[in-house]
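Here's upload.cif, which has mmCIF, C-alpha atoms:
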```cif
data_run
loop_
_atom_site.label_atom_id
_atom_site.label_comp_id
_atom_site.auth_asym_id
_atom_site.auth_seq_id
_atom_site.Cartn_x
_atom_site.Cartn_y
_atom_site.Cartn_z
CA MET N 1 0.00 0.00 0.00
CA VAL N 2 2.93 2.31 0.63
CA VAL N 3 5.13 1.27 -2.29
CA ALA N 4 2.47 1.18 -5.02
CA PRO N 5 1.57 4.90 -4.92
CA VAL N 6 5.25 5.86 -4.86
CA ALA N 7 5.96 3.62 -7.85
CA MET N 8 3.00 5.11 -9.75
CA ALA N 9 4.10 8.64 -8.87
CA SER N 10 7.59 7.87 -10.18
CA ARG N 11 6.10 6.51 -13.40
CA TYR N 12 3.96 9.63 -13.84
CA ALA N 13 6.98 11.82 -13.12
CA LEU N 14 8.87 10.18 -15.99
CA VAL N 15 5.90 10.56 -18.33
CA GLN N 16 5.48 14.17 -17.19
CA HIS N 17 9.13 14.96 -17.93
CA GLU N 18 8.86 13.51 -21.45
CA LEU N 19 5.59 15.35 -22.06
CA VAL N 20 6.91 18.73 -20.97
CA THR N 21 10.19 18.47 -22.86
CA ASN N 22 8.53 17.25 -26.08
CA VAL N 23 5.41 19.45 -26.23
CA PHE N 24 6.14 22.73 -24.50
CA THR N 25 8.78 25.25 -25.55
CA ALA N 26 12.02 25.80 -23.71
CA ALA N 27 11.49 29.54 -23.40
CA ASP N 28 11.64 31.12 -19.97
CA THR N 29 13.17 28.04 -18.36
CA ASP N 30 16.37 29.56 -17.03
CA THR N 31 17.00 27.85 -13.72
CA SER N 32 20.11 29.81 -12.79
CA THR N 33 20.26 30.69 -9.11
CA ASP N 34 23.03 33.29 -9.33
CA ASP N 35 20.71 36.05 -8.19
CA ALA N 36 18.69 33.92 -5.78
CA PRO N 37 18.84 34.68 -2.04
CA THR N 38 21.14 32.44 0.00
CA ASP N 39 20.57 30.59 3.23
CA PRO N 40 22.66 32.40 5.89
CA GLU N 41 23.47 29.08 7.62
CA THR N 42 24.42 26.90 4.65
CA GLY N 43 25.36 29.54 2.09
CA GLU N 44 23.30 27.71 -0.52
CA SER N 45 20.88 29.44 -2.83
CA GLU N 46 17.25 29.41 -1.82
CA PRO N 47 14.50 29.22 -4.41
CA GLU N 48 12.32 32.28 -4.54
CA PRO N 49 8.90 31.69 -3.01
CA ALA N 50 6.23 30.79 -5.54
CA SER N 51 3.43 33.26 -6.03
CA ALA N 52 0.22 32.31 -4.28
CA ASP N 53 -1.59 32.91 -7.56
CA PRO N 54 0.41 32.91 -10.81
CA TRP N 55 -2.45 34.72 -12.55
CA ALA N 56 -3.03 37.36 -9.86
CA ASP N 57 -2.07 40.34 -12.03
CA ILE N 58 -3.43 39.01 -15.34
CA ASP N 59 -6.82 40.26 -16.54
CA ARG N 60 -7.25 37.84 -19.43
CA VAL N 61 -5.35 35.04 -21.16
CA ASN N 62 -6.06 34.63 -24.87
CA VAL N 63 -5.19 31.30 -26.49
CA LEU N 64 -5.65 30.48 -30.18
CA LEU N 65 -6.91 26.91 -30.61
CA ILE N 66 -5.97 25.60 -34.06
CA GLY N 67 -7.35 22.44 -35.60
CA SER N 68 -5.29 21.48 -38.62
CA ASP N 69 -6.08 18.98 -41.33
CA ALA N 70 -2.49 17.89 -41.82
CA GLY N 71 -2.40 14.17 -42.44
CA PRO N 72 -2.15 11.41 -45.04
CA GLY N 73 -3.32 12.51 -48.47
CA ARG N 74 -3.17 16.23 -47.61
CA GLU N 75 -0.55 18.67 -48.80
CA GLY N 76 0.85 20.90 -46.06
CA THR N 77 -1.05 22.15 -43.02
CA ARG N 78 -4.40 23.91 -43.35
CA PRO N 79 -5.78 25.27 -40.07
CA ASP N 80 -9.47 24.91 -40.85
CA THR N 81 -10.55 25.38 -37.22
CA ASN N 82 -9.54 28.59 -35.46
CA ILE N 83 -11.05 29.47 -32.10
CA VAL N 84 -9.81 32.17 -29.75
CA ALA N 85 -10.40 31.17 -26.12
CA SER N 86 -10.37 34.29 -23.96
CA ILE N 87 -10.07 33.26 -20.30
CA GLU N 88 -10.56 35.34 -17.18
CA PRO N 89 -8.03 33.74 -14.80
CA GLU N 90 -9.72 34.85 -11.58
CA THR N 91 -12.94 32.95 -12.31
CA GLY N 92 -12.07 30.64 -15.20
CA ASP N 93 -14.96 32.12 -17.20
CA THR N 94 -14.21 31.68 -20.88
CA VAL N 95 -15.53 33.11 -24.14
CA LEU N 96 -14.91 31.20 -27.38
CA PHE N 97 -14.66 33.22 -30.60
CA SER N 98 -14.89 31.02 -33.70
CA LEU N 99 -13.21 32.50 -36.77
CA PRO N 100 -14.40 31.17 -40.16
CA ARG N 101 -11.66 29.68 -42.29
CA ASN N 102 -12.94 31.67 -45.30
CA LEU N 103 -12.49 35.16 -43.79
CA GLU N 104 -10.99 37.50 -46.38
CA ASN N 105 -8.75 40.58 -46.15
CA VAL N 106 -7.61 39.50 -42.71
CA PRO N 107 -5.77 42.41 -41.00
CA PHE N 108 -2.65 42.16 -38.88
CA PRO N 109 -2.15 44.06 -35.60
CA ARG N 110 -1.63 47.76 -36.03
CA GLY N 111 2.04 48.64 -35.66
CA SER N 112 3.27 45.15 -36.57
CA LEU N 113 5.64 44.60 -39.48
CA LEU N 114 3.06 42.45 -41.24
CA SER N 115 0.61 45.35 -40.99
CA SER N 116 3.12 47.60 -42.74
CA TYR N 117 3.57 45.03 -45.52
CA TYR N 118 -0.18 44.40 -45.83
CA PRO N 119 -1.92 47.67 -44.85
CA PHE N 120 -5.19 46.51 -46.43
CA GLY N 121 -5.05 43.05 -44.93
CA TRP N 122 -3.91 39.73 -46.34
CA GLN N 123 -5.23 39.46 -49.90
CA GLY N 124 -3.46 36.30 -51.03
CA GLU N 125 -1.21 35.58 -53.97
CA PRO N 126 -2.44 36.80 -57.38
CA GLY N 127 -3.69 33.98 -59.54
CA ASP N 128 -3.86 31.50 -56.65
CA PRO N 129 -7.55 30.99 -55.72
CA GLY N 130 -8.10 30.33 -52.04
CA SER N 131 -4.83 31.92 -50.92
CA GLU N 132 -6.71 35.02 -49.77
CA LEU N 133 -8.56 33.16 -47.00
CA LEU N 134 -7.72 33.01 -43.30
CA ASN N 135 -6.74 29.34 -43.40
CA ALA N 136 -4.15 30.15 -46.09
CA VAL N 137 -2.25 32.52 -43.81
CA TYR N 138 -0.46 29.59 -42.14
CA ARG N 139 1.22 28.53 -45.38
CA TYR N 140 1.48 31.67 -47.48
CA VAL N 141 2.47 34.50 -45.13
CA PRO N 142 5.70 32.92 -43.79
CA ALA N 143 6.58 31.90 -47.36
CA ALA N 144 6.07 35.49 -48.54
CA ARG N 145 7.96 37.10 -45.62
CA PRO N 146 10.36 34.47 -44.24
CA GLU N 147 12.68 37.11 -42.78
CA LEU N 148 10.02 37.98 -40.19
CA PHE N 149 9.95 34.46 -38.75
CA ASP N 150 13.65 33.56 -38.47
CA ASP N 151 13.60 32.75 -34.75
CA VAL N 152 10.13 31.18 -34.58
CA ASP N 153 9.63 27.43 -34.12
CA ASP N 154 6.39 27.37 -36.13
CA PRO N 155 6.17 30.38 -38.47
CA GLY N 156 2.71 29.38 -39.70
CA ALA N 157 1.25 29.25 -36.18
CA GLU N 158 2.85 32.61 -35.35
CA ALA N 159 1.30 34.12 -38.49
CA MET N 160 -2.09 32.70 -37.48
CA LYS N 161 -1.72 34.26 -34.01
CA LEU N 162 -1.10 37.66 -35.59
CA ALA N 163 -4.05 37.20 -37.92
CA ALA N 164 -6.36 36.23 -35.02
CA GLU N 165 -5.12 39.26 -33.12
CA GLY N 166 -5.86 41.52 -36.07
CA VAL N 167 -9.37 40.08 -36.44
CA THR N 168 -10.44 40.16 -32.79
CA GLY N 169 -8.38 43.05 -31.45
CA LEU N 170 -7.23 40.79 -28.59
CA PRO N 171 -3.54 40.18 -27.87
CA ILE N 172 -3.04 36.46 -28.53
CA ASP N 173 -0.73 35.11 -25.84
CA TYR N 174 -0.31 31.49 -26.94
CA TYR N 175 -1.49 28.93 -29.45
CA VAL N 176 -2.27 25.22 -29.17
CA MET N 177 -2.52 23.22 -32.40
CA VAL N 178 -3.79 19.67 -32.82
CA ASP N 179 -4.23 17.74 -36.06
CA LEU N 180 -7.20 15.57 -37.04
CA ASP N 181 -5.66 12.28 -36.02
CA GLY N 182 -4.53 13.83 -32.77
CA PHE N 183 -8.00 15.11 -31.92
CA GLN N 184 -9.35 11.59 -32.26
CA GLN N 185 -6.62 10.24 -30.00
CA VAL N 186 -7.22 12.88 -27.32
CA VAL N 187 -10.95 12.08 -27.17
CA ASP N 188 -10.20 8.37 -26.93
CA ALA N 189 -7.62 9.04 -24.21
CA LEU N 190 -10.34 10.85 -22.24
CA GLY N 191 -12.60 7.81 -22.60
CA GLY N 192 -14.94 9.58 -25.02
CA ILE N 193 -17.05 12.71 -24.65
CA ASP N 194 -20.75 13.22 -23.97
CA ILE N 195 -22.66 15.04 -26.72
CA THR N 196 -26.34 15.80 -27.20
CA VAL N 197 -26.87 14.95 -30.88
CA SER N 198 -29.76 17.09 -32.13
CA GLN N 199 -30.30 15.33 -35.48
CA ARG N 200 -29.14 12.28 -37.41
CA VAL N 201 -25.49 12.77 -38.31
CA PRO N 202 -24.07 10.67 -41.15
CA LEU N 203 -20.65 9.16 -40.58
CA GLU N 204 -18.10 8.57 -43.32
CA SER N 205 -20.12 10.69 -45.73
CA SER N 206 -17.99 13.19 -47.64
CA MET N 207 -18.57 15.77 -50.35
CA LEU N 208 -17.59 14.35 -53.73
CA PRO N 209 -16.15 16.37 -56.66
CA ALA N 210 -19.45 15.94 -58.47
CA GLY N 211 -21.10 18.09 -55.81
CA TYR N 212 -23.06 15.52 -53.84
CA CYS N 213 -22.30 13.45 -50.74
CA SER N 214 -21.18 9.87 -50.62
CA GLU N 215 -23.42 7.29 -48.94
CA PRO N 216 -22.86 7.22 -45.15
CA THR N 217 -21.71 4.04 -43.45
CA TYR N 218 -23.99 4.62 -40.47
CA TYR N 219 -25.56 7.44 -38.44
CA LEU N 220 -25.27 9.01 -35.03
CA GLU N 221 -28.84 9.02 -33.80
CA PRO N 222 -30.38 11.97 -31.91
CA GLY N 223 -30.01 12.01 -28.15
CA ARG N 224 -27.43 12.23 -25.42
CA GLN N 225 -24.62 9.76 -26.00
CA ARG N 226 -20.95 9.02 -25.41
CA LEU N 227 -18.90 9.43 -28.59
CA ASN N 228 -15.51 7.85 -29.10
CA GLY N 229 -12.72 9.74 -30.86
CA TYR N 230 -13.66 8.57 -34.35
CA GLU N 231 -17.32 9.47 -33.90
CA ALA N 232 -16.50 12.82 -32.29
CA LEU N 233 -14.20 13.70 -35.20
CA TRP N 234 -16.94 13.01 -37.75
CA TYR N 235 -19.50 14.86 -35.63
CA ALA N 236 -17.22 17.90 -35.52
CA ARG N 237 -16.33 17.92 -39.21
CA VAL N 238 -19.16 16.46 -41.31
CA ARG N 239 -20.73 18.77 -43.91
CA CYS N 240 -23.19 16.31 -45.41
CA GLY N 241 -26.71 15.46 -44.30
CA GLY N 242 -28.96 18.37 -45.18
CA GLU N 243 -30.03 21.41 -43.17
CA GLY N 244 -27.98 21.91 -40.03
CA LEU N 245 -25.10 19.84 -41.35
CA SER N 246 -24.31 21.31 -44.71
CA ASP N 247 -21.75 24.11 -44.34
CA ASP N 248 -18.78 25.52 -42.42
CA TYR N 249 -21.00 27.51 -40.07
CA ASP N 250 -23.00 24.48 -38.95
CA ARG N 251 -19.69 22.75 -38.39
CA MET N 252 -18.37 25.67 -36.29
CA ARG N 253 -21.35 25.27 -33.98
CA ARG N 254 -20.70 21.57 -33.45
CA GLN N 255 -17.00 22.17 -32.89
CA ARG N 256 -17.73 24.57 -30.02
CA CYS N 257 -20.00 21.95 -28.46
CA VAL N 258 -17.20 19.39 -28.72
CA ILE N 259 -14.80 21.77 -26.95
CA GLY N 260 -17.35 22.31 -24.18
CA SER N 261 -17.78 18.56 -23.79
CA MET N 262 -14.02 18.05 -23.59
CA ILE N 263 -13.82 20.70 -20.85
CA GLU N 264 -16.51 18.87 -18.88
CA ARG N 265 -14.91 15.48 -19.45
CA ALA N 266 -11.40 16.48 -18.37
CA ASP N 267 -12.12 16.47 -14.64
CA PRO N 268 -9.10 15.80 -12.38
CA LEU N 269 -10.10 12.18 -11.64
CA THR N 270 -10.50 11.32 -15.34
CA VAL N 271 -7.22 13.00 -16.23
CA LEU N 272 -5.40 11.20 -13.41
CA ARG N 273 -6.72 7.78 -14.43
CA ARG N 274 -5.81 8.34 -18.07
CA TYR N 275 -2.70 10.45 -17.61
CA GLU N 276 -0.23 8.18 -19.38
CA SER N 277 -2.51 7.80 -22.39
CA LEU N 278 -3.16 11.55 -22.58
CA ALA N 279 0.51 12.40 -22.16
CA GLY N 280 1.53 9.90 -24.83
CA THR N 281 -1.07 11.32 -27.19
CA ALA N 282 -0.04 14.91 -26.56
CA ARG N 283 3.61 14.25 -27.28
CA GLN N 284 2.72 13.06 -30.76
CA ILE N 285 0.06 15.41 -32.05
CA VAL N 286 -0.07 18.62 -30.00
CA SER N 287 2.17 21.63 -30.60
CA THR N 288 2.17 24.86 -28.65
CA ASP N 289 4.31 27.88 -27.76
CA ILE N 290 3.35 27.71 -24.07
CA PRO N 291 6.73 27.66 -22.25
CA THR N 292 7.55 24.92 -19.79
CA SER N 293 7.77 27.47 -16.99
CA MET N 294 4.04 28.17 -17.46
CA VAL N 295 2.88 24.54 -17.29
CA PRO N 296 2.03 24.58 -13.54
CA ALA N 297 0.13 27.85 -13.95
CA PHE N 298 -1.87 26.45 -16.87
CA ALA N 299 -2.67 23.31 -14.90
CA GLU N 300 -4.21 25.56 -12.25
CA LEU N 301 -5.98 27.62 -14.91
CA ALA N 302 -7.47 24.49 -16.49
CA LEU N 303 -9.22 23.62 -13.22
CA ARG N 304 -10.65 27.13 -13.02
CA VAL N 305 -11.91 26.93 -16.61
CA GLN N 306 -13.73 23.72 -15.82
CA ALA N 307 -15.37 25.31 -12.79
CA GLY N 308 -16.22 28.52 -14.67
CA THR N 309 -18.76 29.31 -17.36
CA THR N 310 -18.13 28.94 -21.09
CA ARG N 311 -19.83 31.28 -23.55
CA SER N 312 -19.56 31.39 -27.30
CA LEU N 313 -19.65 33.91 -30.14
CA PRO N 314 -19.03 32.46 -33.61
CA PHE N 315 -18.55 34.84 -36.51
CA THR N 316 -20.78 32.99 -38.96
CA ASP N 317 -22.62 34.37 -41.97
CA ARG N 318 -25.49 35.26 -39.60
CA VAL N 319 -23.19 37.68 -37.81
CA ILE N 320 -20.73 38.99 -40.42
CA ASN N 321 -20.04 39.08 -44.15
CA THR N 322 -16.99 36.82 -44.48
CA GLY N 323 -16.22 38.08 -48.00
CA ASN N 324 -16.15 41.73 -46.92
CA PRO N 325 -15.87 41.74 -43.13
CA ASP N 326 -16.27 44.82 -40.98
CA TYR N 327 -13.33 44.20 -38.67
CA PHE N 328 -14.05 47.25 -36.54
CA GLY N 329 -17.52 45.84 -36.01
CA ILE N 330 -16.11 42.40 -35.17
CA GLN N 331 -13.78 43.88 -32.57
CA ALA N 332 -16.66 45.84 -31.05
CA GLN N 333 -18.63 42.58 -30.72
CA VAL N 334 -15.60 40.95 -29.06
CA ARG N 335 -15.37 43.77 -26.51
CA ASP N 336 -19.08 43.52 -25.77
CA ALA N 337 -18.86 39.74 -25.37
CA LEU N 338 -16.09 40.06 -22.78
CA ARG N 339 -18.15 42.31 -20.55
CA PRO N 340 -19.73 40.45 -17.62
CA PRO N 341 -23.37 39.51 -18.32
CA ALA N 342 -25.74 42.15 -17.03
CA VAL N 343 -27.59 41.25 -13.84
CA ALA N 344 -31.15 42.53 -13.80
CA THR N 345 -31.98 44.52 -10.68
CA PRO N 346 -35.34 46.00 -9.68
CA ASP N 347 -35.64 49.70 -10.48
CA SER N 348 -37.26 51.43 -7.53
CA GLY N 349 -38.30 54.36 -9.70
CA ALA N 350 -39.95 52.26 -12.37
CA PRO N 351 -43.69 51.72 -12.27
CA ASP N 352 -44.87 48.37 -11.06
CA THR N 353 -45.89 46.44 -14.17
CA THR N 354 -46.51 43.13 -12.44
CA PRO N 355 -50.06 42.05 -13.27
CA ASP N 356 -52.42 41.73 -10.35
CA ALA N 357 -52.98 38.12 -9.31
CA THR N 358 -56.73 38.55 -9.81
CA GLU N 359 -56.35 39.78 -13.37
CA SER N 360 -56.20 37.39 -16.27
CA THR N 361 -53.02 37.36 -18.32
CA PRO N 362 -53.69 38.75 -21.81
CA ALA N 363 -53.22 36.37 -24.69
CA ALA N 364 -50.02 36.72 -26.66
CA THR N 365 -50.31 38.64 -29.89
CA PRO N 366 -48.39 37.90 -33.08
CA ASP N 367 -46.16 40.92 -32.44
CA ALA N 368 -45.37 39.98 -28.84
CA THR N 369 -41.79 38.89 -28.16
CA PRO N 370 -41.62 36.30 -25.38
CA LEU N 371 -38.86 36.60 -22.80
CA LEU N 372 -38.16 32.89 -23.01
CA THR N 373 -38.33 30.74 -26.10
CA PRO N 374 -38.09 26.99 -26.47
CA GLN N 375 -36.28 27.32 -29.80
CA PRO N 376 -32.47 27.06 -29.74
CA GLN N 377 -30.79 30.41 -29.71
CA ASP N 378 -28.59 31.28 -32.65
CA GLU N 379 -25.42 33.27 -33.14
CA SER N 380 -27.18 36.42 -34.37
CA GLU N 381 -28.32 37.04 -30.79
CA GLY N 382 -24.73 37.71 -29.70
CA VAL N 383 -22.58 35.86 -27.21
CA LEU N 384 -24.40 32.87 -25.72
CA ASP N 385 -23.84 30.44 -22.92
CA LEU N 386 -22.49 27.27 -24.48
CA ASP N 387 -25.31 25.23 -22.92
CA ALA N 388 -27.79 27.29 -24.95
CA VAL N 389 -25.91 26.48 -28.15
CA CYS N 390 -25.44 22.76 -27.48
#
```
Take the structure I supplied and represent it as C-alpha cells, if you would.
Amino acid sequence: MVVAPVAMASRYALVQHELVTNVFTAADTDTSTDDAPTDPETGESEPEPASADPWADIDRVNVLLIGSDAGPGREGTRPDTNIVASIEPETGDTVLFSLPRNLENVPFPRGSLLSSYYPFGWQGEPGDPGSELLNAVYRYVPAARPELFDDVDDPGAEAMKLAAEGVTGLPIDYYVMVDLDGFQQVVDALGGIDITVSQRVPLESSMLPAGYCSEPTYYLEPGRQRLNGYEALWYARVRCGGEGLSDDYDRMRRQRCVIGSMIERADPLTVLRRYESLAGTARQIVSTDIPTSMVPAFAELALRVQAGTTRSLPFTDRVINTGNPDYFGIQAQVRDALRPPAVATPDSGAPDTTPDATESTPAATPDATPLLTPQPQDESEGVLDLDAVC
C-alpha cells in the first residue's frame, strides 16, 4: 500500500518529464540561481517563493486553438478550425470566438511589421484561388515574408496568431494546435465525450467532386450519448446530411460543443486515471508555444476553466459578411462579449408592471416577443452560454 503509490508517482513523473520536454517550448526556463537569495546558515541558494496565484495580475489570457487537417493525403497544413479562447483567470470564465476559415482581407495588428507590408489586410497571392482566406495565412504569409519568422519554431502558427489578433483586437498570448488524427486520440484518451446529438449525423459521408455526398456508413442518432474519438471527429467535421449539417458555419457550432464537452470530461479524476494515455497522445500530435515554466500555472488555470462558465460567439454568416468583413464591427462585438453579463436589478423608480394576481393574463399577440423561447438560440443574438448552443 505504501510502495504502489510511490511507484506510480515515479512513473507519472517520468511521463510528465517527457511530455513537458517534447510538447512545450524551452522559453523562460532559465533555472540559474546566481541572483537567488542564499541561506545564511548553509550559504546555498534558496528558491524564490512561488506566487500564491500565478495569474493574480493578469486580466485575461487569450489562447488560439488551431485544428489542422495535416495528415495522409493532404498537402501541407491547413488550419481549418480557429477558435480564440479568452479566459478570465480569476474565475475561469471563458468566451470562445470562432473564426471562419474563409475570412478574407484579414488584418494584422496595427504597428506590426506584417501590418506595414499588408496595410489593407492579407489578400493572397495573385492567380492562386483560395490563398486570400484566413486558413491560407499559415502557409502563405511565412513563405512570402520568411525574414520575419527567423527565430520562430512554427512560423505558420505565429502568423495565425497575428491574424487572429488583427481580427479580434485581442492580444493572442499562446497557441495550441492539434491535427485531425490527434484530436481523435485525445478524445479516446479521455474515454470519449458526452454530446447531445440534435439530429441524425451521417458518418463517413464526404462531399464528392461531383457536388453531392457519398453514402454514409452509419448514423449518429439523436439524443445524449458518449462518442468515441472517431465518432467525435466526424460529428465535428461532417458537412453532409442536409439542413444543419451542410456548411462551415453548422460545423463551427458543433466544434464549439465538442470543446465544451471536452472541458466537462477532463475532470481531475478522469485526467489522473488516463494520464499516461493523454501524455503519450499529446507528445505526438499537440504543438504549442506555451513555455515549460508556465505549465504549472496552466494546470491551475485548467481547473478554473472547468469550474467557470463557457460562452460562445461564432462569426458565422449570420453575424458577419466573411467576404467583406467589418473588422471594426467584429472587434466591437468581441469587446461587448467580454463584458460580464448584465444582472437585472429592480428599479425602484420604475412603475410596477406586475399584473395583479386577480387579473387574467392577456393572450399573446403575433407581435409579442416572449422573454423565453423553447427554440435554440442562434449566433445572431450575440454571445451565448455554451449550454444554450449545445
Closest of N:Tyr140, N:Trp122, N:Tyr235, N:Phe183 to Gln199 (chain N) - atom-to-atom distances counting only C-alpha atoms
N:Tyr235
Translate the PyMOL selection byres ((chain N and resi 121) around 10) into a concrete residue list for this structure, as a PyMOL selection string.
chain N and resi 104-109+114-120+122-124+132+163+166-167
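Residues selected in this file by the PyMOL selection byres ((chain N and resi 83) around 9) comprise N:Val63, N:Leu64, N:Leu65, N:Ile66, N:Gly67, N:Thr81, N:Asn82, N:Val84, N:Ala85, N:Leu96, N:Phe97, N:Ser98, N:Leu99, N:Pro100, N:Ala164, N:Arg256, N:Pro314.
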Nearest to Pro89 (chain N), chosen from N:Ala307, N:Leu386, N:Cys213, N:Ile172, with all atoms listed in the file counted in the distances
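Among the listed residues, the smallest separation from Pro89 (chain N) belongs to N:Ala307.
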Can you turn the PyMOL selection byres ((chain N and resi 53-55) around 9) into a concrete residue list for this file, as a PyMOL selection string?
chain N and resi 50-52+56-60+89-90+294+296-297+300-301
d(CA of Leu338 (chain N), CA of Arg101 (chain N)) in Å
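Computed distance, CA of Leu338 (chain N) to CA of Arg101 (chain N), equals 22.5 Å.
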Looking at N:Gly229, N:Gly329, N:Gly260, N:Gly308, which one is nearest to Asp181 (chain N), with distances taken over all atoms listed in the file?
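Using all atoms listed in the file, Asp181 (chain N) sits closest to N:Gly229.
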Please compute the CA of Thr217 (chain N)-CA of Leu245 (chain N) distance, one decimal, in Å.
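If I compute the distance from CA of Thr217 (chain N) to CA of Leu245 (chain N), I get 16.3 Å.
Put simply, CA of Arg239 (chain N) is 21.4 Å away from CA of Met262 (chain N).
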Can you tell me, as a list of chain:residue names, which residues sit within 9 Å of (-23.5, 6.4, -36.5) in the file's frame, using all atoms listed in the file?
N:Arg200, N:Val201, N:Pro202, N:Leu203, N:Glu204, N:Pro216, N:Thr217, N:Tyr218, N:Tyr219, N:Leu220, N:Glu221, N:Glu231
Which residue gives the smallest distance to Tyr249 (chain N) among N:Pro155, N:Asn102, N:Val383, N:Val286, with all atoms listed in the file counted?
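Smallest distance to Tyr249 (chain N) is found for N:Asn102.
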Select, from N:Ala157, N:Leu103, N:Phe315, N:Val176, the residue with the minimum atom-to-atom distance to Gly130 (chain N), counting all atoms listed in the file.
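Closest to Gly130 (chain N), using all atoms listed in the file: N:Leu103.
Checking N:Ala266, N:Leu113, N:Tyr175, N:Leu148 one by one against Asp188 (chain N), counting all atoms listed in the file, you find the shortest gap at N:Ala266.
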Neighbours of point (-4.1, 22.4, -40.3) within 12 Å, using only C-alpha atoms, written as a PyMOL selection string
chain N and resi 65-71+74-82+101+134-139+156-157+160+176-183+285-287
